[in-house]
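A.B. asks: Following this message is one structure expressed as structure tokens.
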Amino acid sequence: MRPSELAVLSGMRWVIAGAALNGCGSTLDAGSDKDDPGNQLPVDAQSTVILSNDGPTDNWQGEFAFLLAAKGVDLAGLVINDSGAWPDLESSLDGWAMMRAAASASGIQGLPEPTRSSGPPLVKPASGDIADTVPNRSAGAELIVRAALDAPEPPVAVITGGRLTDVADAYLIEPAIADRLVVVASLGELSSPGASMGVPNGEMDPWADTIVVQRLRYVQISAFYDQKSDVPSSRLTELPQNAFGDWIASKQSKIFDIQVGADQVALLAVAVPGFVREVERAAQDGTKALSQGEVPTLAVADGGDVWLVTSVDGELATQTFWNLLSEVF
């Protein structure tokens, strides 16, 4: 990253923070770990971002990503795979391509093309040794490897809203990327004290979960919010009068009416100061049996190698969405 680009991204970070926090009655300052728990995460708005997800219409992750890219976030890749909820990979690809086309037609340039990434859940080898796992070598995994190795300013933030297959696959292809990326996943559910790596998203590939938590720097976002409040019907007339606004309006009724569907929490935790309210350090302490296999469980632990986000600011997410729309268009 060139110094000029770094300055732009740093400035963007505080522009977004100021627009959002001032609207909530807060004042903008340089912040501290205590004031902004998000500062404790190992990646932020200056990091190169790769997005990995499945369906295009169940949440606002893609829209947030494209708007943040317009404000300077380095969105370097868009990996699309299938899942149990979204088994038709070609349909999902078409949807993401339509979202990107609407953003481009509305003036957001330089967005990456969606990458088709087909690969089944990873299989735990008989030995139980991660190194013996047979990789898929999917297109998405190869993209993650290239981005991690080529990044002039690591770490790269791989932000997921689906299964962790492609991220774990990338590690199997090239273990050297472990020091050059951070996985930030919208995944799992909180327990007391800690979390599991199951529903949502973690149940789809338990062995990939194990690989990620044991071999990569990992941030788990297990706190969600009511994403239906982001674009209520009462505000549809406020959307920009362009192709991107039309896309958002057409998608609004399809957004999942469940809080755990809000995959955008992983992206907002990285890119929007103040969104993360509470974060704990944690470590794997065992497994939990699901019908799909054994998923890792996490326990809060001082000095643990996992960052576990346990509370987020949904009102700030909604306000940031509309602030970004007004600033970009």
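Going by the structure tokens order, chains are called A, B, ..., each with residues numbered from 1, while ligands are numbered from 1 in the order shown.
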Near segment 92-101 of chain A, within 12 Å and counting only C-alpha atoms, which residues show up once chain neighbours fewer than 2 positions away are dropped, as a ChimeraX atom specification?

C.D. replies: /A:51-58,60-67,69,78-83,85-90,103-118,242-251

A.B. asks: For the residues in that selection, give me C-alpha atoms as a PDB file, in the first residue's frame.

C.D. replies:
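Resulting contents of selection-v6.pdb:
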ATOM      1  CA  LEU A  51     -15.414 -11.135   1.087  1.00  0.00           C
ATOM      2  CA  SER A  52     -16.603 -14.773   1.099  1.00  0.00           C
ATOM      3  CA  ASN A  53     -20.309 -15.624   1.105  1.00  0.00           C
ATOM      4  CA  ASP A  54     -23.073 -17.620  -0.561  1.00  0.00           C
ATOM      5  CA  GLY A  55     -26.498 -16.074  -1.265  1.00  0.00           C
ATOM      6  CA  PRO A  56     -26.850 -12.476  -2.510  1.00  0.00           C
ATOM      7  CA  THR A  57     -30.198 -11.421  -1.055  1.00  0.00           C
ATOM      8  CA  ASP A  58     -30.524 -12.560   2.589  1.00  0.00           C
ATOM      9  CA  TRP A  60     -26.822  -6.400   3.401  1.00  0.00           C
ATOM     10  CA  GLN A  61     -23.196  -7.563   3.506  1.00  0.00           C
ATOM     11  CA  GLY A  62     -22.587  -6.946  -0.201  1.00  0.00           C
ATOM     12  CA  GLU A  63     -24.175  -3.507  -0.201  1.00  0.00           C
ATOM     13  CA  PHE A  64     -22.164  -2.415   2.823  1.00  0.00           C
ATOM     14  CA  ALA A  65     -19.008  -3.757   1.163  1.00  0.00           C
ATOM     15  CA  PHE A  66     -19.575  -1.877  -2.085  1.00  0.00           C
ATOM     16  CA  LEU A  67     -20.406   1.376  -0.296  1.00  0.00           C
ATOM     17  CA  ALA A  69     -15.237   0.332  -1.182  1.00  0.00           C
ATOM     18  CA  LEU A  78     -15.422 -11.495  -3.812  1.00  0.00           C
ATOM     19  CA  VAL A  79     -15.620 -15.279  -3.332  1.00  0.00           C
ATOM     20  CA  ILE A  80     -19.005 -16.942  -3.862  1.00  0.00           C
ATOM     21  CA  ASN A  81     -19.724 -20.525  -2.870  1.00  0.00           C
ATOM     22  CA  ASP A  82     -22.796 -22.652  -2.298  1.00  0.00           C
ATOM     23  CA  SER A  83     -24.331 -23.863   0.962  1.00  0.00           C
ATOM     24  CA  ALA A  85     -29.372 -22.608   2.263  1.00  0.00           C
ATOM     25  CA  TRP A  86     -28.031 -21.561  -1.141  1.00  0.00           C
ATOM     26  CA  PRO A  87     -27.377 -24.753  -3.137  1.00  0.00           C
ATOM     27  CA  ASP A  88     -27.640 -23.141  -6.579  1.00  0.00           C
ATOM     28  CA  LEU A  89     -24.183 -21.650  -7.052  1.00  0.00           C
ATOM     29  CA  GLU A  90     -24.909 -20.275 -10.519  1.00  0.00           C
ATOM     30  CA  ALA A 103     -23.238  -0.462  -8.067  1.00  0.00           C
ATOM     31  CA  SER A 104     -20.999   0.093 -11.098  1.00  0.00           C
ATOM     32  CA  ALA A 105     -23.804   1.651 -13.115  1.00  0.00           C
ATOM     33  CA  SER A 106     -24.335   4.053 -10.205  1.00  0.00           C
ATOM     34  CA  GLY A 107     -20.713   5.196 -10.198  1.00  0.00           C
ATOM     35  CA  ILE A 108     -18.908   2.824  -7.817  1.00  0.00           C
ATOM     36  CA  GLN A 109     -15.903   1.746  -9.847  1.00  0.00           C
ATOM     37  CA  GLY A 110     -13.143  -0.809  -9.357  1.00  0.00           C
ATOM     38  CA  LEU A 111     -15.228  -3.524  -7.676  1.00  0.00           C
ATOM     39  CA  PRO A 112     -13.909  -7.076  -8.091  1.00  0.00           C
ATOM     40  CA  GLU A 113     -15.810  -9.580 -10.201  1.00  0.00           C
ATOM     41  CA  PRO A 114     -17.459 -12.379  -8.207  1.00  0.00           C
ATOM     42  CA  THR A 115     -15.287 -15.508  -8.179  1.00  0.00           C
ATOM     43  CA  ARG A 116     -17.108 -18.813  -8.577  1.00  0.00           C
ATOM     44  CA  SER A 117     -15.769 -21.166  -5.914  1.00  0.00           C
ATOM     45  CA  SER A 118     -17.030 -24.723  -5.912  1.00  0.00           C
ATOM     46  CA  ASN A 242     -30.128   5.108  -9.450  1.00  0.00           C
ATOM     47  CA  ALA A 243     -29.550   1.443 -10.265  1.00  0.00           C
ATOM     48  CA  PHE A 244     -28.077   0.691  -6.844  1.00  0.00           C
ATOM     49  CA  GLY A 245     -31.052   2.244  -5.089  1.00  0.00           C
ATOM     50  CA  ASP A 246     -33.359   0.196  -7.310  1.00  0.00           C
ATOM     51  CA  TRP A 247     -31.405  -2.962  -6.423  1.00  0.00           C
ATOM     52  CA  ILE A 248     -31.734  -2.260  -2.688  1.00  0.00           C
ATOM     53  CA  ALA A 249     -35.469  -1.581  -3.043  1.00  0.00           C
ATOM     54  CA  SER A 250     -36.013  -4.830  -4.946  1.00  0.00           C
ATOM     55  CA  LYS A 251     -34.089  -6.791  -2.341  1.00  0.00           C
TER      56      LYS A 251
END

A.B. asks: Please identify which residues in segment 77-311 of chain A DSSP calls strand (DSSP E) from the backbone, and express them as a PyMOL selection string.

C.D. replies: chain A and resi 77-80+114-116+156-160+181-186+189-191+194-196+217-221+276-290+293-300+306-311

A.B. asks: From segment 66-129 of chain A, collect each residue whose DSSP state is alpha helix (DSSP H) and return the set as a ChimeraX atom specification.

C.D. replies: /A:66-70,89-105

A.B. asks: Point out the residue among A:Gln284, A:Thr320, A:Ser127, A:Ser47 with the least atom-to-atom distance to Val213 of chain A, counting only C-alpha atoms.

C.D. replies: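 Comparing A:Gln284, A:Thr320, A:Ser127, A:Ser47 against Val213 of chain A, the winner is A:Gln284.
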
A.B. asks: Which residues are near Leu75 of chain A? Cut-off 7 Å, only C-alpha atoms, ignore same chain within fewer than 6 positions. Put them as a ChimeraX atom specification.

C.D. replies: /A:48-50,69

A.B. asks: Name the residues in contact with segment 183-192 of chain A at a cut-off of 7 Å, using only C-alpha atoms, excluding same-chain residues fewer than 6 positions from it; report them as a PyMOL selection string.

C.D. replies: chain A and resi 157-161+198-202+217-222+263+265-266

A.B. asks: Could you save those same residues with all heavy atoms as a short mmCIF file (atom, residue, chain, number, x, y, z; two decimals), in the first residue's frame?

C.D. replies:
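Dumped to selection.cif:
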data_model
loop_
_atom_site.label_atom_id
_atom_site.label_comp_id
_atom_site.auth_asym_id
_atom_site.auth_seq_id
_atom_site.Cartn_x
_atom_site.Cartn_y
_atom_site.Cartn_z
N ALA A 157 -7.76 -9.19 5.55
CA ALA A 157 -8.94 -9.61 6.29
C ALA A 157 -9.85 -10.41 5.37
O ALA A 157 -10.37 -9.88 4.38
CB ALA A 157 -9.70 -8.40 6.84
N VAL A 158 -10.02 -11.70 5.66
CA VAL A 158 -10.96 -12.53 4.92
C VAL A 158 -12.25 -12.56 5.72
O VAL A 158 -12.31 -13.15 6.81
CB VAL A 158 -10.43 -13.95 4.69
CG1 VAL A 158 -11.43 -14.76 3.87
CG2 VAL A 158 -9.09 -13.91 3.98
N ILE A 159 -13.28 -11.91 5.21
CA ILE A 159 -14.53 -11.71 5.93
C ILE A 159 -15.57 -12.67 5.38
O ILE A 159 -15.90 -12.63 4.19
CB ILE A 159 -14.99 -10.26 5.81
CG1 ILE A 159 -13.96 -9.35 6.50
CG2 ILE A 159 -16.38 -10.07 6.39
CD1 ILE A 159 -14.21 -7.88 6.35
N THR A 160 -16.08 -13.55 6.24
CA THR A 160 -16.96 -14.61 5.77
C THR A 160 -18.38 -14.44 6.31
O THR A 160 -18.59 -13.97 7.43
CB THR A 160 -16.44 -16.00 6.16
OG1 THR A 160 -16.58 -16.19 7.58
CG2 THR A 160 -14.98 -16.17 5.78
N GLY A 161 -19.33 -14.88 5.48
CA GLY A 161 -20.73 -14.92 5.88
C GLY A 161 -21.34 -16.26 5.54
O GLY A 161 -22.56 -16.38 5.40
N GLY A 198 -20.88 -23.30 15.80
CA GLY A 198 -21.97 -23.94 15.08
C GLY A 198 -22.84 -22.96 14.33
O GLY A 198 -22.36 -22.04 13.67
N VAL A 199 -24.15 -23.12 14.48
CA VAL A 199 -25.12 -22.26 13.80
C VAL A 199 -24.98 -20.82 14.32
O VAL A 199 -24.86 -20.61 15.54
CB VAL A 199 -26.55 -22.78 14.08
CG1 VAL A 199 -27.59 -21.87 13.44
CG2 VAL A 199 -26.71 -24.22 13.58
N PRO A 200 -25.00 -19.82 13.40
CA PRO A 200 -25.08 -19.94 11.96
C PRO A 200 -23.71 -20.14 11.31
O PRO A 200 -22.69 -19.72 11.85
CB PRO A 200 -25.66 -18.59 11.54
CG PRO A 200 -25.06 -17.63 12.53
CD PRO A 200 -25.02 -18.40 13.83
N ASN A 201 -23.71 -20.77 10.18
CA ASN A 201 -22.57 -20.91 9.26
C ASN A 201 -21.53 -21.94 9.66
O ASN A 201 -21.01 -22.65 8.80
CB ASN A 201 -21.88 -19.54 9.02
CG ASN A 201 -22.82 -18.53 8.39
OD1 ASN A 201 -23.63 -18.88 7.53
ND2 ASN A 201 -22.73 -17.29 8.80
N GLY A 202 -21.22 -22.07 10.93
CA GLY A 202 -20.18 -23.00 11.34
C GLY A 202 -20.57 -24.46 11.19
O GLY A 202 -19.70 -25.32 11.02
N ARG A 217 -5.24 -16.88 12.45
CA ARG A 217 -5.75 -15.84 13.35
C ARG A 217 -7.24 -15.67 13.07
O ARG A 217 -7.64 -15.45 11.92
CB ARG A 217 -4.99 -14.53 13.14
CG ARG A 217 -3.64 -14.52 13.82
CD ARG A 217 -2.91 -13.21 13.61
NE ARG A 217 -2.47 -13.06 12.24
CZ ARG A 217 -1.85 -11.98 11.78
NH1 ARG A 217 -1.64 -10.95 12.58
NH2 ARG A 217 -1.44 -11.93 10.53
N TYR A 218 -8.03 -15.74 14.12
CA TYR A 218 -9.47 -15.90 13.93
C TYR A 218 -10.26 -14.95 14.82
O TYR A 218 -10.03 -14.89 16.04
CB TYR A 218 -9.87 -17.35 14.23
CG TYR A 218 -11.34 -17.64 14.14
CD1 TYR A 218 -12.05 -17.40 12.97
CD2 TYR A 218 -12.03 -18.16 15.24
CE1 TYR A 218 -13.40 -17.66 12.89
CE2 TYR A 218 -13.38 -18.44 15.17
CZ TYR A 218 -14.07 -18.19 13.99
OH TYR A 218 -15.41 -18.46 13.92
N VAL A 219 -11.18 -14.22 14.19
CA VAL A 219 -12.12 -13.34 14.90
C VAL A 219 -13.52 -13.87 14.65
O VAL A 219 -13.95 -13.98 13.49
CB VAL A 219 -12.02 -11.88 14.39
CG1 VAL A 219 -13.00 -11.00 15.16
CG2 VAL A 219 -10.59 -11.35 14.50
N GLN A 220 -14.23 -14.23 15.70
CA GLN A 220 -15.60 -14.73 15.56
C GLN A 220 -16.58 -13.68 16.04
O GLN A 220 -16.53 -13.23 17.17
CB GLN A 220 -15.80 -16.03 16.35
CG GLN A 220 -17.21 -16.59 16.25
CD GLN A 220 -17.31 -18.03 16.69
OE1 GLN A 220 -16.50 -18.87 16.29
NE2 GLN A 220 -18.29 -18.34 17.52
N ILE A 221 -17.50 -13.30 15.14
CA ILE A 221 -18.56 -12.35 15.49
C ILE A 221 -19.81 -13.17 15.76
O ILE A 221 -20.46 -13.67 14.84
CB ILE A 221 -18.82 -11.33 14.36
CG1 ILE A 221 -17.50 -10.82 13.76
CG2 ILE A 221 -19.68 -10.20 14.88
CD1 ILE A 221 -16.63 -10.05 14.69
N SER A 222 -20.14 -13.32 17.04
CA SER A 222 -21.34 -14.08 17.43
C SER A 222 -22.38 -13.16 18.05
O SER A 222 -23.20 -13.58 18.86
CB SER A 222 -20.95 -15.18 18.42
OG SER A 222 -20.12 -16.14 17.81
N ASP A 263 -25.08 -11.25 8.11
CA ASP A 263 -23.66 -11.52 7.88
C ASP A 263 -22.80 -10.27 7.84
O ASP A 263 -21.57 -10.34 8.01
CB ASP A 263 -23.47 -12.27 6.55
CG ASP A 263 -24.02 -13.69 6.60
OD1 ASP A 263 -24.13 -14.24 7.71
OD2 ASP A 263 -24.31 -14.25 5.53
N VAL A 265 -22.29 -8.19 9.94
CA VAL A 265 -21.64 -7.85 11.22
C VAL A 265 -20.13 -8.08 11.16
O VAL A 265 -19.37 -7.35 11.80
CB VAL A 265 -22.26 -8.64 12.40
CG1 VAL A 265 -23.72 -8.22 12.61
CG2 VAL A 265 -22.16 -10.15 12.21
N ALA A 266 -19.70 -9.09 10.39
CA ALA A 266 -18.26 -9.35 10.30
C ALA A 266 -17.54 -8.21 9.59
O ALA A 266 -16.44 -7.79 9.99
CB ALA A 266 -18.01 -10.67 9.58
#

A.B. asks: I'd like the neighbourhood of Trp207 of chain A as an MDAnalysis selection string, where a residue qualifies if any of its atoms comes within 9 Å (using only C-alpha atoms), though same-chain residues fewer than 6 positions away should be ignored.

C.D. replies: chainID A and resid 121:124 130 165 168 293:296

A.B. asks: Do you have the atom CA of Val167 of chain A-atom CA of Leu267 of chain A distance handy?

C.D. replies: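 Computing the Euclidean distance for atom CA of Val167 of chain A and atom CA of Leu267 of chain A yields 15.8 Å.
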
A.B. asks: Between atom CA of Val260 of chain A and atom CA of Ala282 of chain A, what is the distance in Å, rounded to a tenth?

C.D. replies: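 It comes out at 20.7 Å.
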
A.B. asks: To one decimal in Å, tell me the separation between atom CA of Ala147 of chain A and atom CA of Glu280 of chain A.

C.D. replies: 28.3 Å
